[in-house]
file upload.txt (compact mmCIF, C-alpha atoms and all ligand atoms)
# COMPACT_ATOMS: atom_id res chain seq x y z
CA MET A 1 -31.93 33.43 46.24
CA THR A 2 -31.37 34.12 49.91
CA LEU A 3 -28.10 33.52 51.68
CA LEU A 4 -28.04 30.82 54.32
CA VAL A 5 -27.90 32.46 57.72
CA GLY A 6 -27.81 31.32 61.33
CA SER A 7 -25.53 29.06 63.28
CA ALA A 8 -23.31 26.53 61.51
CA SER A 9 -25.51 23.64 62.65
CA ARG A 10 -28.66 25.41 61.39
CA ILE A 11 -27.08 26.05 57.98
CA LEU A 12 -25.82 22.47 57.65
CA THR A 13 -29.25 21.16 58.69
CA ASP A 14 -30.87 23.26 55.97
CA ALA A 15 -28.46 21.80 53.40
CA ALA A 16 -29.15 18.22 54.57
CA LEU A 17 -32.90 18.84 54.32
CA VAL A 18 -32.55 20.08 50.74
CA ALA A 19 -30.39 17.04 49.95
CA LEU A 20 -33.35 14.76 50.72
CA GLN A 21 -34.58 15.71 47.21
CA ALA A 22 -31.62 13.89 45.64
CA PRO A 23 -32.29 11.00 43.26
CA SER A 24 -31.61 7.47 44.51
CA VAL A 25 -31.81 3.99 43.07
CA LEU A 26 -35.49 2.91 43.14
CA ASN A 27 -36.03 5.93 45.39
CA THR A 28 -34.57 3.99 48.32
CA GLN A 29 -33.12 7.20 49.88
CA PRO A 30 -30.38 5.16 51.58
CA TRP A 31 -28.72 7.95 53.56
CA ARG A 32 -28.52 9.46 57.01
CA TRP A 33 -27.29 12.89 58.04
CA HIS A 34 -25.92 13.70 61.50
CA ILE A 35 -25.34 17.36 62.24
CA GLU A 36 -22.93 18.12 65.05
CA ARG A 37 -22.01 21.77 65.54
CA ASP A 38 -19.94 22.71 62.45
CA THR A 39 -20.00 19.30 60.75
CA ALA A 40 -22.56 17.34 58.77
CA ARG A 41 -21.81 13.61 58.50
CA LEU A 42 -23.32 11.60 55.67
CA SER A 43 -23.69 7.85 56.28
CA ALA A 44 -24.99 4.96 54.25
CA ASP A 45 -28.17 3.30 55.47
CA ARG A 46 -27.36 -0.24 54.39
CA SER A 47 -30.73 -1.53 55.59
CA ARG A 48 -31.95 0.02 52.31
CA ARG A 49 -29.47 -1.76 50.05
CA LEU A 50 -31.01 -3.70 47.16
CA ALA A 51 -29.67 -7.21 47.76
CA ARG A 52 -30.23 -8.54 44.21
CA ILE A 53 -29.79 -5.40 42.13
CA ASP A 54 -26.94 -3.89 44.10
CA PRO A 55 -25.11 -6.62 46.08
CA GLU A 56 -21.92 -4.58 46.59
CA GLY A 57 -23.71 -1.36 47.47
CA ARG A 58 -22.34 0.54 44.46
CA LEU A 59 -25.66 2.15 43.63
CA LEU A 60 -26.37 2.83 47.28
CA VAL A 61 -23.11 4.77 47.56
CA THR A 62 -23.75 6.43 44.19
CA SER A 63 -27.12 7.60 45.51
CA CYS A 64 -25.42 9.00 48.64
CA GLY A 65 -22.97 10.82 46.37
CA ALA A 66 -25.93 12.51 44.68
CA ALA A 67 -27.21 13.59 48.11
CA LEU A 68 -23.75 14.94 49.00
CA HIS A 69 -23.73 17.01 45.80
CA HIS A 70 -27.20 18.41 46.53
CA ALA A 71 -26.01 19.50 50.00
CA CYS A 72 -22.85 21.10 48.59
CA VAL A 73 -24.82 22.98 45.92
CA THR A 74 -27.13 24.32 48.63
CA LEU A 75 -24.21 25.54 50.73
CA ALA A 76 -22.37 27.10 47.79
CA ALA A 77 -25.56 28.81 46.63
CA GLY A 78 -26.08 30.13 50.13
CA GLY A 79 -22.66 31.75 50.29
CA VAL A 80 -21.13 29.22 52.69
CA ASP A 81 -17.45 28.28 52.74
CA PHE A 82 -17.00 24.58 53.52
CA GLU A 83 -14.72 21.59 52.97
CA VAL A 84 -15.61 17.98 52.29
CA ASP A 85 -13.77 14.81 53.34
CA LEU A 86 -14.74 11.60 51.59
CA LEU A 87 -14.70 8.31 53.53
CA PRO A 88 -13.55 9.96 56.77
CA GLY A 89 -13.80 6.95 59.06
CA GLU A 90 -11.08 4.30 59.00
CA GLY A 91 -12.83 0.98 59.54
CA THR A 92 -16.33 2.50 59.44
CA PRO A 93 -17.53 1.79 55.89
CA ASP A 94 -20.89 3.46 56.47
CA ALA A 95 -19.26 6.86 57.09
CA LEU A 96 -19.22 8.30 53.58
CA ALA A 97 -18.48 12.01 53.91
CA VAL A 98 -18.09 14.89 56.32
CA ILE A 99 -18.90 18.47 55.37
CA ARG A 100 -17.16 21.00 57.60
CA TYR A 101 -18.52 24.56 57.83
CA ARG A 102 -15.80 27.18 57.60
CA GLY A 103 -17.68 30.47 57.48
CA ASP A 104 -19.13 32.81 54.90
CA THR A 105 -17.98 33.46 51.38
CA GLY A 106 -19.56 35.03 48.31
CA PRO A 107 -22.46 32.98 46.91
CA SER A 108 -21.74 31.27 43.62
CA ALA A 109 -24.10 32.27 40.79
CA ALA A 110 -23.63 28.87 39.10
CA ALA A 111 -24.53 27.09 42.33
CA GLN A 112 -27.56 29.35 42.77
CA ARG A 113 -28.89 28.28 39.38
CA LEU A 114 -28.45 24.60 40.31
CA ARG A 115 -30.03 25.22 43.72
CA GLU A 116 -33.09 26.65 41.97
CA VAL A 117 -33.61 23.54 39.84
CA ILE A 118 -33.31 21.04 42.70
CA ALA A 119 -37.01 21.62 43.34
CA VAL A 120 -38.02 20.87 39.75
CA ARG A 121 -35.58 18.14 38.68
CA GLN A 122 -37.26 14.78 38.40
CA SER A 123 -36.76 11.56 36.50
CA ASP A 124 -38.64 11.75 33.22
CA ARG A 125 -39.05 8.29 31.71
CA ARG A 126 -41.57 9.43 29.10
CA PRO A 127 -40.37 9.26 25.52
CA PHE A 128 -38.57 12.49 24.68
CA SER A 129 -39.77 14.92 22.04
CA GLY A 130 -38.51 14.66 18.46
CA THR A 131 -36.30 17.72 18.90
CA PRO A 132 -32.57 16.94 18.99
CA VAL A 133 -30.51 17.89 22.03
CA PRO A 134 -28.16 20.76 21.10
CA ASP A 135 -24.56 19.55 20.90
CA GLU A 136 -23.37 22.62 22.82
CA ALA A 137 -25.60 21.70 25.76
CA LEU A 138 -24.15 18.17 25.80
CA GLU A 139 -20.65 19.60 25.72
CA ARG A 140 -21.49 21.78 28.73
CA LEU A 141 -22.71 18.67 30.58
CA ARG A 142 -19.43 16.92 29.77
CA VAL A 143 -17.43 19.83 31.21
CA THR A 144 -19.71 19.88 34.27
CA ALA A 145 -18.98 16.20 34.90
CA ASP A 146 -15.21 16.70 34.70
CA ARG A 147 -15.45 19.50 37.26
CA ALA A 148 -17.55 17.32 39.58
CA GLY A 149 -14.83 14.68 39.89
CA ALA A 150 -15.70 12.03 37.30
CA HIS A 151 -16.49 12.16 33.56
CA LEU A 152 -19.44 11.98 31.19
CA HIS A 153 -18.85 9.87 28.10
CA LEU A 154 -21.34 10.95 25.44
CA VAL A 155 -22.32 7.86 23.48
CA ARG A 156 -21.58 8.26 19.77
CA ALA A 157 -23.78 6.82 17.02
CA ALA A 158 -21.24 4.09 16.32
CA GLU A 159 -21.35 3.04 19.99
CA LEU A 160 -25.12 2.87 20.26
CA LEU A 161 -25.25 -0.83 19.38
CA THR A 162 -23.10 -1.64 22.42
CA VAL A 163 -25.45 0.33 24.69
CA ILE A 164 -28.46 -1.40 23.13
CA ALA A 165 -26.81 -4.79 23.66
CA ALA A 166 -25.91 -3.94 27.28
CA ALA A 167 -29.47 -2.79 28.05
CA GLY A 168 -30.94 -5.83 26.35
CA HIS A 169 -28.63 -8.23 28.18
CA ALA A 170 -29.37 -6.56 31.53
CA ALA A 171 -33.13 -6.76 30.93
CA ALA A 172 -33.02 -10.40 29.87
CA ALA A 173 -30.78 -11.51 32.74
CA GLU A 174 -32.59 -9.53 35.42
CA LEU A 175 -36.16 -10.26 34.36
CA ALA A 176 -35.40 -13.99 34.18
CA ASP A 177 -34.43 -13.95 37.86
CA PRO A 178 -37.34 -14.29 40.32
CA ALA A 179 -35.26 -12.58 43.04
CA TYR A 180 -34.88 -9.51 40.79
CA ARG A 181 -38.58 -9.40 39.96
CA ALA A 182 -39.49 -9.72 43.64
CA GLU A 183 -37.09 -6.94 44.64
CA LEU A 184 -38.34 -4.61 41.91
CA LEU A 185 -41.95 -5.31 42.85
CA SER A 186 -41.25 -4.63 46.51
CA TRP A 187 -40.22 -1.04 45.64
CA LEU A 188 -43.23 -0.21 43.43
CA ARG A 189 -46.03 1.76 45.07
CA PRO A 190 -49.62 2.63 44.15
CA PRO A 191 -50.03 6.10 42.60
CA GLY A 192 -49.84 9.00 45.01
CA SER A 193 -48.86 6.90 47.99
CA GLY A 194 -45.81 6.02 49.97
CA ARG A 195 -42.71 7.76 51.20
CA ASP A 196 -40.13 5.85 49.19
CA GLY A 197 -40.00 3.54 46.19
CA LEU A 198 -41.55 4.26 42.82
CA PRO A 199 -45.23 5.18 42.49
CA VAL A 200 -46.32 3.36 39.37
CA ASP A 201 -47.56 6.53 37.74
CA THR A 202 -43.97 7.84 37.67
CA ILE A 203 -42.85 4.96 35.48
CA THR A 204 -43.40 4.36 31.81
CA PRO A 205 -43.69 1.13 29.88
CA PRO A 206 -40.54 0.41 27.91
CA GLY A 207 -42.44 0.72 24.61
CA VAL A 208 -40.42 0.51 21.45
CA ARG A 209 -37.26 2.49 21.94
CA PRO A 210 -33.87 2.09 20.30
CA VAL A 211 -32.32 1.72 23.76
CA PRO A 212 -34.82 0.04 26.11
CA ILE A 213 -35.23 1.56 29.56
CA ARG A 214 -35.76 -0.61 32.65
CA ASP A 215 -38.96 -2.64 32.30
CA PHE A 216 -40.87 -1.97 35.50
CA SER A 217 -44.14 -3.29 34.09
CA THR A 218 -43.03 -6.92 33.99
CA ALA A 219 -43.32 -6.98 37.74
CA GLY A 220 -47.09 -7.05 37.27
CA TYR A 221 -48.13 -3.40 37.20
CA VAL A 222 -50.05 -1.88 34.33
CA PRO A 223 -48.05 0.90 32.67
CA ALA A 224 -49.57 4.23 33.48
CA ILE A 225 -48.45 7.27 31.55
CA TYR A 226 -47.56 6.28 28.02
CA SER A 227 -48.87 3.80 25.51
CA ASP A 228 -47.93 3.84 21.87
CA THR A 229 -46.43 1.55 19.30
CA ASP A 230 -44.31 4.21 17.62
CA VAL A 231 -40.57 4.03 18.04
CA ALA A 232 -39.88 6.54 20.78
CA ASP A 233 -36.72 8.24 21.95
CA ARG A 234 -35.27 8.64 18.47
CA GLU A 235 -33.63 11.87 19.60
CA ALA A 236 -32.53 10.65 23.03
CA ARG A 237 -28.83 10.97 23.81
CA TYR A 238 -27.02 8.77 26.25
CA GLY A 239 -24.19 9.57 28.61
CA ILE A 240 -22.15 7.22 30.74
CA VAL A 241 -20.77 8.59 34.01
CA VAL A 242 -17.23 7.23 34.14
CA THR A 243 -15.05 7.11 37.24
CA ASP A 244 -11.25 6.82 37.35
CA GLY A 245 -11.26 3.99 39.89
CA ASP A 246 -13.76 1.42 41.12
CA GLY A 247 -13.87 1.71 44.91
CA PRO A 248 -16.31 3.36 47.33
CA ALA A 249 -14.71 6.82 46.95
CA ASP A 250 -15.13 6.48 43.17
CA TRP A 251 -18.77 5.41 43.55
CA LEU A 252 -19.33 8.50 45.70
CA ARG A 253 -17.69 10.71 43.06
CA GLY A 254 -19.84 8.98 40.46
CA GLY A 255 -22.95 9.98 42.42
CA VAL A 256 -21.72 13.54 42.88
CA THR A 257 -21.15 13.71 39.13
CA LEU A 258 -24.50 12.13 38.30
CA SER A 259 -26.23 14.80 40.40
CA ALA A 260 -24.15 17.55 38.78
CA VAL A 261 -25.13 16.33 35.31
CA LEU A 262 -28.83 15.91 36.18
CA LEU A 263 -29.10 19.37 37.72
CA ALA A 264 -27.13 21.03 34.91
CA ALA A 265 -29.31 19.28 32.33
CA THR A 266 -32.44 20.48 34.14
CA ALA A 267 -31.04 24.01 34.14
CA GLU A 268 -30.59 23.64 30.36
CA GLY A 269 -34.29 22.79 30.04
CA LEU A 270 -33.50 19.14 29.28
CA ALA A 271 -35.18 16.04 30.70
CA THR A 272 -33.24 13.09 32.11
CA SER A 273 -33.54 9.66 33.61
CA ALA A 274 -30.78 7.56 35.13
CA MET A 275 -30.12 4.04 33.81
CA SER A 276 -28.29 1.90 36.31
CA ASP A 277 -29.55 -1.28 34.65
CA LEU A 278 -26.64 -0.74 32.23
CA VAL A 279 -24.12 -1.44 35.00
CA GLU A 280 -25.96 -3.87 37.27
CA GLU A 281 -25.13 -7.07 35.37
CA PRO A 282 -21.38 -7.76 35.14
CA ALA A 283 -21.50 -8.66 31.44
CA ALA A 284 -23.27 -5.40 30.53
CA ARG A 285 -20.83 -3.40 32.63
CA VAL A 286 -17.88 -5.11 30.93
CA ALA A 287 -19.37 -4.36 27.50
CA LEU A 288 -19.56 -0.65 28.39
CA GLN A 289 -16.07 -0.72 29.82
CA ARG A 290 -14.71 -2.14 26.55
CA MET A 291 -16.65 0.54 24.68
CA LEU A 292 -14.74 3.08 26.77
CA GLY A 293 -11.48 1.50 25.63
CA ASP A 294 -10.93 0.06 29.12
CA VAL A 295 -10.19 3.58 30.34
CA GLY A 296 -12.19 4.26 33.50
CA HIS A 297 -15.17 2.48 35.01
CA PRO A 298 -18.81 2.96 33.96
CA ALA A 299 -20.75 4.11 37.05
CA ILE A 300 -24.22 4.73 35.61
CA GLY A 301 -25.99 5.69 32.40
CA VAL A 302 -27.99 8.88 31.84
CA ARG A 303 -30.70 9.31 29.24
CA ILE A 304 -30.95 12.92 28.08
CA GLY A 305 -33.47 14.60 25.83
CA VAL A 306 -35.80 17.48 25.10
CA PRO A 307 -38.89 16.84 27.23
CA ALA A 308 -42.16 15.82 25.62
CA ALA A 309 -45.02 18.31 25.63
CA GLY A 310 -47.63 17.95 28.32
CA PRO A 311 -47.62 17.84 32.07
CA PRO A 312 -44.54 16.30 33.69
CA PRO A 313 -44.89 12.94 35.43
CA PRO A 314 -45.97 12.95 39.09
CA ARG A 315 -43.18 13.44 41.61
CA ALA A 316 -41.72 10.56 43.56
CA PRO A 317 -42.27 10.98 47.33
CA ARG A 318 -39.61 11.35 49.99
CA ARG A 319 -39.30 9.86 53.48
CA PRO A 320 -39.96 12.07 56.52
CA ALA A 321 -36.93 14.22 57.30
CA ALA A 322 -36.92 13.14 60.95
CA GLU A 323 -35.90 9.62 59.87
CA MET A 324 -32.88 10.84 57.94
CA VAL A 325 -31.58 14.06 59.52
CA GLU A 326 -30.53 14.11 63.15
CA VAL A 327 -29.10 17.15 64.92
CA VAL A 328 -26.72 15.64 67.46
CA ALA A 329 -25.39 18.94 68.82
CA GLU A 330 -26.21 22.50 67.84
CA SER A 331 -23.60 25.19 67.57
CA ALA A 332 -24.00 28.45 69.48
CA PRO A 333 -26.23 30.93 67.60
CA ASP A 334 -24.41 33.76 65.79
C1 LIG B 401 -27.92 5.34 41.51
C2 LIG B 401 -29.25 5.54 40.79
C3 LIG B 401 -29.72 4.56 39.92
C4 LIG B 401 -30.93 4.75 39.23
N1 LIG B 401 -31.33 3.82 38.31
C5 LIG B 401 -32.46 4.05 37.57
C6 LIG B 401 -32.83 3.14 36.53
O1 LIG B 401 -32.14 2.17 36.24
N2 LIG B 401 -33.96 3.40 35.82
C7 LIG B 401 -34.74 4.50 36.11
O2 LIG B 401 -35.75 4.68 35.44
N3 LIG B 401 -34.40 5.39 37.10
C8 LIG B 401 -33.28 5.18 37.82
N4 LIG B 401 -32.90 6.07 38.80
C9 LIG B 401 -33.79 7.20 39.12
C10 LIG B 401 -34.52 6.93 40.43
O3 LIG B 401 -35.50 5.92 40.26
C11 LIG B 401 -35.16 8.24 40.91
O4 LIG B 401 -34.13 9.15 41.20
C12 LIG B 401 -36.00 8.09 42.16
O5 LIG B 401 -37.10 7.27 41.89
C13 LIG B 401 -36.49 9.44 42.68
O6 LIG B 401 -37.24 10.10 41.68
P1 LIG B 401 -36.81 11.50 41.07
O7 LIG B 401 -35.52 11.31 40.34
O8 LIG B 401 -37.95 11.84 40.14
O9 LIG B 401 -36.67 12.47 42.20
C14 LIG B 401 -31.70 5.91 39.47
C15 LIG B 401 -31.21 6.90 40.34
C16 LIG B 401 -29.98 6.73 40.98
C17 LIG B 401 -29.45 7.81 41.89
call {"tool": "encode", "arguments": {"input": "upload.txt", "output": "structure tokens", "more": "lines below"}}
Ligand SMILES: Cc1cc2nc3c(=O)[nH]c(=O)nc-3n(C[C@H](O)[C@H](O)[C@H](O)COP(=O)(O)O)c2cc1C
result
Amino acid sequence: MTLLVGSASRILTDAALVALQAPSVLNTQPWRWHIERDTARLSADRSRRLARIDPEGRLLVTSCGAALHHACVTLAAGGVDFEVDLLPGEGTPDALAVIRYRGDTGPSAAAQRLREVIAVRQSDRRPFSGTPVPDEALERLRVTADRAGAHLHLVRAAELLTVIAAAGHAAAAELADPAYRAELLSWLRPPGSGRDGLPVDTITPPGVRPVPIRDFSTAGYVPAIYSDTDVADREARYGIVVTDGDGPADWLRGGVTLSAVLLAATAEGLATSAMSDLVEEPAARVALQRMLGDVGHPAIGVRIGVPAAGPPPPRAPRRPAAEMVEVVAESAPD
């Protein structure tokens, strides 16, 4: 791993470029970065909000939180000292965070490991293998989440019925709504094409799973990478990212924590996919909240497992960097 070198604006630009690999709801990539000398400003691109799925912009802000975490990991891995302000702009709701460069520091080995896996992390919606996830690995993910600013509730066997009911309710309510089906369809892309949205060969038919995943196929596409009638995902584990509050700063922290969990799981050799369907419908979100004993707010679900054998799914594309990263003013070279 090489240290990040050059002027502050160059280093922050590098971090913003790496952060374009962050996960986002339906791969909308709803963020913008503005680099100005020793600051990198992260803003929401609300033109990419999902009007039916995400009317309040929770998942949009959660996605931006994941991008913020990717940028911070890159800086920490590169030996950069920095500070982060959340929601810096009074009265400017699109201003989500500012990263301020402060100089050099020793690179963090933990951050370097996460930086390495940014390039290989991807959503894996295939059924997991039949190998159980080691409990110690799950415990490490839980600790990781606490450090990132929110929490990871690991769903216990006795709670699984609630998660199944929440997923089932979300699927029934959403798929019955033509506006939902139209929105989902508008973000599906033919295999190998596009710059955003989900290429259909990255998705998997729901199949028979104890906890159903989002049914993308109902929008009219033929499922591409898995077809079987066996009950899949028997060894999947489920985590709920839980935030202390339920405002935009909490949604950002939820996204930071989601990214921390996904990258740490990847570093553990585990496969993951996010499940925001669990929190999109109010009744499903309330069911999860009750499951948590009304302590905290469920931000998003995470499906975690040992990956299936065989080649990984194709990668989802990203938008051109020039649309999302703007250098407003460079700092003087070192
Ligand atoms: C806030 C958020 C919500 C998401 N919700 C879902 C979901 O409900 N189902 C799913 O399969 N993937 C979900 N994802 C994963 C995205 O679809 C995925 O990150 C995006 O398509 C980019 O692909 P990648 O993760 O392989 O890089 C979500 C991701 C984020 C950040």
call {"tool": "residues_near_ligand", "arguments": {"input": "upload.txt", "ligand": "ligand LIG 401 (chain B)", "cutoff": "9 Å", "atoms": "only C-alpha atoms and all ligand atoms", "output": "MDAnalysis selection string"}}
result
chainID A and resid 21:29 58:67 120:125 196:199 202:204 213:216 254:255 258:259 272:280 299:302 313:318
call {"tool": "atom_distance", "arguments": {"input": "upload.txt", "atom1": "CA of Val80 in chain A", "atom2": "CA of Pro248 in chain A"}}
result
26.8 Å
call {"tool": "closest_residue", "arguments": {"input": "upload.txt", "among": "A:Pro282, A:Pro320, A:Gly269, A:Gly296", "to": "Val133 in chain A", "atoms": "only C-alpha atoms"}}
result
A:Gly269
call {"tool": "atom_distance", "arguments": {"input": "upload.txt", "atom1": "CA of Ala44 in chain A", "atom2": "CA of Met324 in chain A"}}
result
10.5 Å
call {"tool": "residues_near_point", "arguments": {"input": "upload.txt", "point": "(-15.0, 7.9, 49.5)", "cutoff": "12 Å", "atoms": "only C-alpha atoms", "output": "PyMOL selection string"}}
result
chain A and resi 42-44+58+61-62+64-65+68+84-90+92-98+149+245-256
call {"tool": "residues_around", "arguments": {"input": "upload.txt", "residues": "His151 in chain A", "least_positions_apart": "6", "cutoff": "7 Å", "atoms": "only C-alpha atoms", "output": "ChimeraX atom specification"}}
result
/A:142,145,241-243
call {"tool": "atom_distance", "arguments": {"input": "upload.txt", "atom1": "CA of Val286 in chain A", "atom2": "CA of Val163 in chain A"}}
result
11.2 Å
call {"tool": "closest_residue", "arguments": {"input": "upload.txt", "among": "A:Gly6, A:Gly310, A:Pro30, A:Gly305", "to": "Gly130 in chain A", "atoms": "only C-alpha atoms"}}
result
A:Gly305
call {"tool": "closest_residue", "arguments": {"input": "upload.txt", "among": "A:His70, A:His297, A:Arg49, A:Arg37", "to": "Leu262 in chain A", "atoms": "all atoms listed in the file"}}
result
A:His70
call {"tool": "residues_around", "arguments": {"input": "upload.txt", "residues": "Val328 in chain A", "least_positions_apart": "3", "cutoff": "9 Å", "atoms": "all atoms listed in the file", "output": "JSON, numbers by chain"}}
result
{"A": [34, 35, 36, 37]}
call {"tool": "axis_aligned_box", "arguments": {"input": "upload.txt", "around": "range 53-70 of chain A", "padding_each_side": "4 Å", "output": "AutoDock Vina command-line options"}}
result
--center_x -25.9 --center_y 5.9 --center_z 45.6 --size_x 15.9 --size_y 33.0 --size_z 14.9
call {"tool": "residues_near_point", "arguments": {"input": "upload.txt", "point": "(-25.8, 20.5, 58.8)", "cutoff": "9 Å", "atoms": "all atoms listed in the file", "output": "PyMOL selection string"}}
result
chain A and resi 8-17+33-41+71+99-101+325+327
call {"tool": "closest_residue", "arguments": {"input": "upload.txt", "among": "A:Arg237, A:Arg126, A:His69, A:Arg319", "to": "Leu160 in chain A", "atoms": "all atoms listed in the file"}}
result
A:Arg237
call {"tool": "closest_residue", "arguments": {"input": "upload.txt", "among": "A:Pro190, A:Arg46, A:Ala158, A:Leu4", "to": "Thr105 in chain A", "atoms": "only C-alpha atoms"}}
result
A:Leu4
